[in-house]
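Q: Pasting a structure here, questions to come.
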Amino acid sequence: MSTTHVISSRRPVGESGGRIVRYTLSERVHHWLGALFYIYCLITGLAFWSPYMYWLAAIVGGGPTARFWHPWFGLAFTVSMVWMYKMWDRDMRITEPDRRWSKAMEYYVKNEDEKLPPVGRFNYGQKLFFWLMLYGVILLVISGLGLWFVESIPWSLRWLRYIAVTVHVIAALATIGGFIIHVYMSTAMVRGGFAAMVRGEVSAIWAKTHHRLWYEQVTKDTRDSAQGR
Amino acid sequence: MSQSTLAIRRISAHAGAAPGENVERDELVCKLIDTTTCIGCKACEVACLEWNGYTFTETVFDNSYQTMPETTWNYWNLIKFNEHEREDGSITLLMRKDQCMHCADPGCLAACPADGAIVQYTNGIVDFQQQNCIGCGYCVSGCPFDIPKFNPTTKKMFKCTLCVDRVSEGLEPACIKSCPTGCLHFGTKDDMKDLAETRAKQLRENYGIEKAGVYDPAGVNGTGVIYVLHDITNPEAYGGLPKNPHVPWVVRIWKGPAKWIGNLAMLGGLLGVTLHYLRYGPKEIDAEKHEGEKP
């Protein structure tokens, strides 16, 4: 979205400590709505997954309440993922710089970022997480409907019931894996990432360090518009 | 139901042991249904409704004697009527009283995620405890006989209780009480097995029904409801009684190894990111390095 790439009017980028808008209000609202729906499904889903985690249902109102809302929150998360797809589809496509970056990902893990090729608005890992959640939610919602309306699947087609269970479990575990890494990286590992998703802004240095191609694009756009091109 | 008078052998989704887990009771209870003497009068269906306090609801006529296509959440006992062509071309009507089979190895209980929603008493009765049921329907996937049914109003699952409230007071189940031909029997599993085998032998030797036999499927470690069938080689003819019922292997994996693999994977993920943080720490931007740099 072109509106994203706007320099904050508060302080121009050239000054030290200049801020760049990384996520618009709309992007942040949708991200956090999605987070709310996903975390609700995660807590209730884990409660149904294991007897040793059934107590988790108590913190969201008990087993029957958890069971009642889980599919509805799942549908809400699906809608929110579709929305995020509409917002970020173009930004999330894997590009040539991403492929170069992915080959050097080892340096990213080791915090040797100076050895990494520059990337755009999102790096390869962020993009993978996005596609994992998108395809994950598609599988979850289809198999989830099978679990929700299990009695509507006729006895003669009961193999569909078993497939629904299998797919739901595998897709859920895959998204949980992505979710753990996502939360870790955005809160603990990449300093400034969490604040960016809350307040929407990053420092120019942050942008330059982590997403140089995006930074160059944004500053170029701003200069161009300032000069009326 | 009357949980207080019976010890419990197994509890669904229970983190820990069941109070009666290691209790070896001498007597398992068992219902014997002799399909060769059933006349399809449906007295058992009425008795079941009467005892359990349900009223009859409207149903559909589909050119069959059968009351409705399947058991429902408030209709736990249904005689299935099936026209069957014998080898000589003549037609017979097979009638089988369908209800919960009270498996020794209950798939519903294995699949259930709600602590205490399904229990198995030490006398073998498998019973739903609606106060603990969350209405998820996992038991529907776990059952090899398509028995648990959902009440959409209360969002709870229901099925035959083997009249656990009567049995625990020393009475026989309501359906047994009502049977006019004596095709239904109730007693200990051993006695019922003996009686069933005797009847099957009688059918084979005295009546020339060579394939007569006893249905007590080993795939679920035997059932608390056993049948005498005219043709033990073709139970499917009796309204889809499965030949070799067992808890679906998907349910077994889901509730067994998948649980541990999944839990270890999730734990591994948490451990992995923690170790990463300890080893490499956060990505901090070195402010000094960038000082004075033109962005």
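Residues are referred to by chain and number: the chain letter is A, B, ... according to the order shown in the structure tokens, the number counts from 1 in that chain, and ligands are numbered separately from 1 in the order shown.
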Identify every residue of chain B that has at least one atom within 7 Å of any atom of chain A, counting only C-alpha atoms, and report the result as a PyMOL selection string.
A: chain B and resi 13-15+113+115+134-137+141+250+262+266+269-270+273+280-285+295
Q: Excluding Lys255 of chain B and its own-chain neighbours fewer than 4 positions away, which residues fall within 8 Å of it when counting only C-alpha atoms? Please give them as a CSV table (one decimal) with C-alpha atoms, in the first residue's frame.
A:
```csv
chain,number,residue,atom,x,y,z
B,110,ALA,CA,-10.4,-42.3,24.0
B,111,ALA,CA,-11.4,-39.3,21.7
B,251,VAL,CA,-8.0,-41.4,16.8
B,259,LYS,CA,0.1,-35.9,21.4
```
Q: Would you give me, as an NGL selection string, the residues in segment 1-223 of chain A that DSSP reads as helix (DSSP H, G or I)?
A: :A and (2-4 or 25-49 or 51-60 or 63-88 or 96-103 or 105-109 or 113-115 or 124-148 or 150-152 or 155-157 or 159-189 or 193-199 or 204-210 or 212-223)
Q: Which of segment 143-214 of chain B counts as strand (DSSP E) under DSSP, as a PDB file with C-alpha atoms, in the first residue's frame please?
A:
```
ATOM      1  CA  LYS B 149     -25.583 -37.938  19.230  1.00  0.00           C
ATOM      2  CA  PHE B 150     -25.595 -34.176  19.769  1.00  0.00           C
ATOM      3  CA  ASN B 151     -28.403 -32.220  21.368  1.00  0.00           C
ATOM      4  CA  LYS B 156     -24.341 -31.970  25.026  1.00  0.00           C
ATOM      5  CA  MET B 157     -23.839 -35.498  23.711  1.00  0.00           C
ATOM      6  CA  PHE B 158     -26.193 -38.339  24.599  1.00  0.00           C
ATOM      7  CA  LEU B 184     -33.219 -59.782  25.447  1.00  0.00           C
ATOM      8  CA  HIS B 185     -31.235 -61.025  28.409  1.00  0.00           C
ATOM      9  CA  PHE B 186     -29.193 -59.249  31.041  1.00  0.00           C
ATOM     10  CA  GLY B 187     -26.576 -60.629  33.379  1.00  0.00           C
ATOM     11  CA  THR B 188     -22.859 -61.023  33.793  1.00  0.00           C
ATOM     12  CA  GLY B 213     -22.793 -67.193  15.847  1.00  0.00           C
ATOM     13  CA  VAL B 214     -22.123 -64.689  18.602  1.00  0.00           C
TER      14      VAL B 214
END
```
Q: So that I can see what lies close to segment 131-135 of chain A, please list as a ChimeraX atom specification the residues with an atom at most 8 Å from it, counting only C-alpha atoms and leaving out residues fewer than 4 positions away in the same chain.
A: /A:81-82,85,127,139,174-175,178
Q: Those same residues - N, CA and C atoms - I'd like them written as an mmCIF file, in the first residue's frame.
A:
```
data_model
loop_
_atom_site.group_PDB
_atom_site.id
_atom_site.type_symbol
_atom_site.label_atom_id
_atom_site.label_comp_id
_atom_site.auth_asym_id
_atom_site.auth_seq_id
_atom_site.Cartn_x
_atom_site.Cartn_y
_atom_site.Cartn_z
ATOM 1 N N MET A 81 -7.360 -12.987 8.426
ATOM 2 C CA MET A 81 -6.249 -13.403 7.549
ATOM 3 C C MET A 81 -6.511 -12.993 6.108
ATOM 4 N N VAL A 82 -7.777 -13.111 5.688
ATOM 5 C CA VAL A 82 -8.122 -12.704 4.318
ATOM 6 C C VAL A 82 -7.852 -11.209 4.164
ATOM 7 N N TYR A 85 -4.275 -10.625 3.893
ATOM 8 C CA TYR A 85 -3.834 -11.023 2.564
ATOM 9 C C TYR A 85 -4.065 -9.873 1.581
ATOM 10 N N LYS A 127 7.990 -13.233 5.447
ATOM 11 C CA LYS A 127 7.113 -13.651 4.349
ATOM 12 C C LYS A 127 6.693 -15.110 4.515
ATOM 13 N N LEU A 139 -6.435 -24.427 5.702
ATOM 14 C CA LEU A 139 -6.585 -25.825 6.117
ATOM 15 C C LEU A 139 -7.385 -25.926 7.415
ATOM 16 N N ALA A 174 1.665 -26.617 12.976
ATOM 17 C CA ALA A 174 2.544 -25.834 12.091
ATOM 18 C C ALA A 174 2.408 -24.346 12.405
ATOM 19 N N THR A 175 1.185 -23.863 12.588
ATOM 20 C CA THR A 175 1.021 -22.434 12.880
ATOM 21 C C THR A 175 1.585 -22.099 14.257
ATOM 22 N N GLY A 178 5.267 -21.524 13.884
ATOM 23 C CA GLY A 178 5.491 -20.191 13.325
ATOM 24 C C GLY A 178 5.201 -19.098 14.346
#
```
Q: Work out how far atom CA of Ile79 of chain B is from atom CA of Lys42 of chain B, in Å to one decimal.
A: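 A separation of 6.8 Å between them.
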Q: Counting only C-alpha atoms, what is within 10 Å of Ile11 of chain B, bar same-chain residues fewer than 2 positions away, as a count of residues only?
A: 24
Q: What is the atom CA of Ala196 of chain A to atom CA of Arg223 of chain A distance in Å?
A: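 So the answer is 22.7 Å.
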